[in-house]
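K.L.:
The structure's right below; bear with me while I get my questions together.
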Number of protein chains: 2
Amino acid sequence: MLKISELAAKIGLSTHTLRFYEKHGLIHASDRSEAGYRYYNHADVRRAEFVKTARNIGFSLQDISQLLSIRVDKHSHSCQDVTDITQHKLNEVNTKLAELQSMQQTLQILLDSCCGGPENATHCSIMEALEESEDRNQLVAGNVK
Amino acid sequence: MLKISELAAKIGLSTHTLRFYEKHGLIHASDRSEAGYRYYNHADVRRAEFVKTARNIGFSLQDISQLLSIRVDKHSHSCQDVTDITQHKLNEVNTKLAELQSMQQTLQILLDSCCGGPENATHCSIMEALEESEDRNQLVAGNVK
DNA sequence: TGTAACCTTAGAGTTAACTCTAAGGTCAAC
DNA sequence: GTTGACCTTAGAGTTAACTCTAAGGTTACA
Ligand SMILES: [Zn+2]
Ligand SMILES: [Zn+2]
Ligand SMILES: [Zn+2]
Ligand SMILES: [Zn+2]
């Protein structure tokens, strides 16, 4: 039986975060001392580790909540239920990746265009590019080869 | 002279957002009618477009604030000032890209491992992978070839 | 018996960038 | 002269995932 700070140390989350997760139904302590101290048994620890692993992968707490309901009753859920959640997350990630790649490309183009030197910015090509309104300039990702 | 809804339509932001940007010092209306209506002149519009372009690229409002101070006094700032902001943003983007790419890889591995079928999840390899605590499994980005 | 290091709860604060509401004033057109 | 579409402000609400605080109770150890 672990106390909350021991669980926190074991899985690498703060006690604050563990209580926060409990408040949101992700974990819980099966036992309490007379004084109300939380005590985590082996199953509690494994569930907390599951949460930590899922969070490290990038699942949201809401995703994790769904994964946990599958976990407690695997017989009532299918592999498809699991891949639905995973695929949905992957789609999100891919969308954000595309946005960031577009930003990366644009920023790199801007940096390549500017001398970056110490003289004044009256001739700066980055500033000039930002003056161009969106539909006129070359900065939009789609316009970049 | 444009009224706020006209400016909003012209550059594709809501009037709420324009007022929000004003509150944060990014834009402003040079004139007001007797009743207090905002009126934007040509320079105001160009500044608002600058903000919109920078925001579309992905700069934060704080970044944009810095870019605007350069913009109003280019003689007191250097190209390096501009590239510093841009490079800093690019570094941020690259960091987030790396995180997302790691997530993408992990999610793809998970999806590839699961049958995704309609039978129950007692044998699900995704669930099994999530049961493995971080330091024992193959899901960490660095561990993936 | 004292004290340091724990533990409890409820609830407020943080961050970014909006987004919306309430309550009211203004304006152009019919 | 009355709609309806606009405009104003201050300020509250949204989202996610924490993060921290206050005020107090508990426990292990010397
Ligand atoms: Zn230069
Ligand atoms: Zn430059
Ligand atoms: Zn299966
Ligand atoms: Zn499966």
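Identifiers for the structure tokens are assigned positionally: chains receive A, B, ... in sequence, residues are indexed from 1 per chain, and ligands are indexed from 1 in the order shown.
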For a quick test of understanding: name the residues of chain A lying within 7 Å of chain B when counting only C-alpha atoms, and present them as a ChimeraX atom specification.
P.N.:
/A:49-50,53-54,57-58,74-80,83,86,90,93,97,100,103-104,107,111,114-122,124,130-131,133-134
K.L.:
Using only C-alpha atoms (C1' of nucleotides), I'd like every residue of chain B that has an atom within 12 Å of chain D; please write them out as a ChimeraX atom specification.
P.N.:
/B:3-6,15,19,23,32-39
K.L.:
Using only C-alpha atoms, please write the residues we just selected to a file, as a PDB file, in the first residue's frame.
P.N.:
```
ATOM      1  CA  LYS B   3     -16.118  51.022 -39.232  1.00  0.00           C
ATOM      2  CA  ILE B   4     -15.172  48.046 -37.118  1.00  0.00           C
ATOM      3  CA  SER B   5     -17.432  45.560 -38.869  1.00  0.00           C
ATOM      4  CA  GLU B   6     -16.079  46.704 -42.223  1.00  0.00           C
ATOM      5  CA  THR B  15     -15.224  42.586 -34.279  1.00  0.00           C
ATOM      6  CA  ARG B  19     -11.491  44.926 -29.889  1.00  0.00           C
ATOM      7  CA  LYS B  23      -7.208  46.027 -25.630  1.00  0.00           C
ATOM      8  CA  ARG B  32     -13.800  57.953 -33.262  1.00  0.00           C
ATOM      9  CA  SER B  33     -17.187  59.345 -34.233  1.00  0.00           C
ATOM     10  CA  GLU B  34     -18.976  61.622 -31.789  1.00  0.00           C
ATOM     11  CA  ALA B  35     -20.851  58.613 -30.519  1.00  0.00           C
ATOM     12  CA  GLY B  36     -17.599  56.777 -29.965  1.00  0.00           C
ATOM     13  CA  TYR B  37     -17.667  54.509 -33.012  1.00  0.00           C
ATOM     14  CA  ARG B  38     -14.215  53.382 -34.090  1.00  0.00           C
ATOM     15  CA  TYR B  39     -13.009  54.585 -37.503  1.00  0.00           C
TER      16      TYR B  39
END
```
K.L.:
Report as a short mmCIF file (atom, residue, chain, number, x, y, z; two decimals) with all heavy atoms, in the first residue's frame the set of chain C residues whose atoms approach chain A to within 9 Å, with distances computed over only C-alpha atoms (C1' of nucleotides).
P.N.:
```
data_model
loop_
_atom_site.label_atom_id
_atom_site.label_comp_id
_atom_site.auth_asym_id
_atom_site.auth_seq_id
_atom_site.Cartn_x
_atom_site.Cartn_y
_atom_site.Cartn_z
P DC C 6 8.42 14.53 3.32
OP1 DC C 6 8.90 13.22 2.87
OP2 DC C 6 8.87 15.77 2.66
"O5'" DC C 6 6.86 14.67 3.34
"C5'" DC C 6 5.90 13.87 2.94
"C4'" DC C 6 4.96 13.46 4.07
"O4'" DC C 6 4.95 14.37 5.17
"C3'" DC C 6 3.53 13.50 3.57
"O3'" DC C 6 3.26 12.31 2.85
"C2'" DC C 6 2.75 13.56 4.86
"C1'" DC C 6 3.69 14.31 5.81
N1 DC C 6 3.27 15.69 6.16
C2 DC C 6 2.14 15.88 6.96
O2 DC C 6 1.51 14.89 7.35
N3 DC C 6 1.76 17.14 7.29
C4 DC C 6 2.47 18.19 6.85
N4 DC C 6 2.07 19.40 7.20
C5 DC C 6 3.63 18.02 6.03
C6 DC C 6 3.98 16.78 5.70
P DC C 7 2.28 12.37 1.65
OP1 DC C 7 2.18 11.00 1.10
OP2 DC C 7 2.66 13.52 0.81
"O5'" DC C 7 0.88 12.73 2.37
"C5'" DC C 7 0.20 11.74 3.11
"C4'" DC C 7 -0.99 12.36 3.81
"O4'" DC C 7 -0.51 13.46 4.61
"C3'" DC C 7 -1.97 13.05 2.86
"O3'" DC C 7 -2.94 12.13 2.38
"C2'" DC C 7 -2.64 14.05 3.78
"C1'" DC C 7 -1.58 14.35 4.82
N1 DC C 7 -1.04 15.74 4.76
C2 DC C 7 -1.78 16.76 5.34
O2 DC C 7 -2.86 16.49 5.88
N3 DC C 7 -1.31 18.04 5.29
C4 DC C 7 -0.14 18.29 4.70
N4 DC C 7 0.28 19.55 4.69
C5 DC C 7 0.64 17.26 4.10
C6 DC C 7 0.15 16.01 4.14
P DT C 8 -3.94 12.59 1.25
OP1 DT C 8 -4.67 11.38 0.84
OP2 DT C 8 -3.22 13.39 0.24
"O5'" DT C 8 -4.94 13.58 2.02
"C5'" DT C 8 -5.85 13.05 2.98
"C4'" DT C 8 -6.76 14.16 3.48
"O4'" DT C 8 -5.97 15.15 4.18
"C3'" DT C 8 -7.44 14.96 2.37
"O3'" DT C 8 -8.61 14.29 1.94
"C2'" DT C 8 -7.77 16.26 3.10
"C1'" DT C 8 -6.57 16.43 4.04
N1 DT C 8 -5.51 17.38 3.60
C2 DT C 8 -5.63 18.70 3.95
O2 DT C 8 -6.55 19.15 4.56
N3 DT C 8 -4.59 19.50 3.53
C4 DT C 8 -3.48 19.11 2.82
O4 DT C 8 -2.61 19.92 2.51
C5 DT C 8 -3.44 17.71 2.46
C7 DT C 8 -2.28 17.18 1.68
C6 DT C 8 -4.44 16.92 2.87
#
```
K.L.:
Can you check which residues of chain B DSSP gives as alpha helix (DSSP H) on the backbone and send them as a PyMOL selection string?
P.N.:
chain B and resi 4-11+15-23+42-57+61-72+79-113+125-131
K.L.:
One decimal, Å: what's the distance from atom CA of B:Thr95 over to atom CA of B:Ile64, could you say?
P.N.:
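Distance reported for this atom pair: 20.1 Å.
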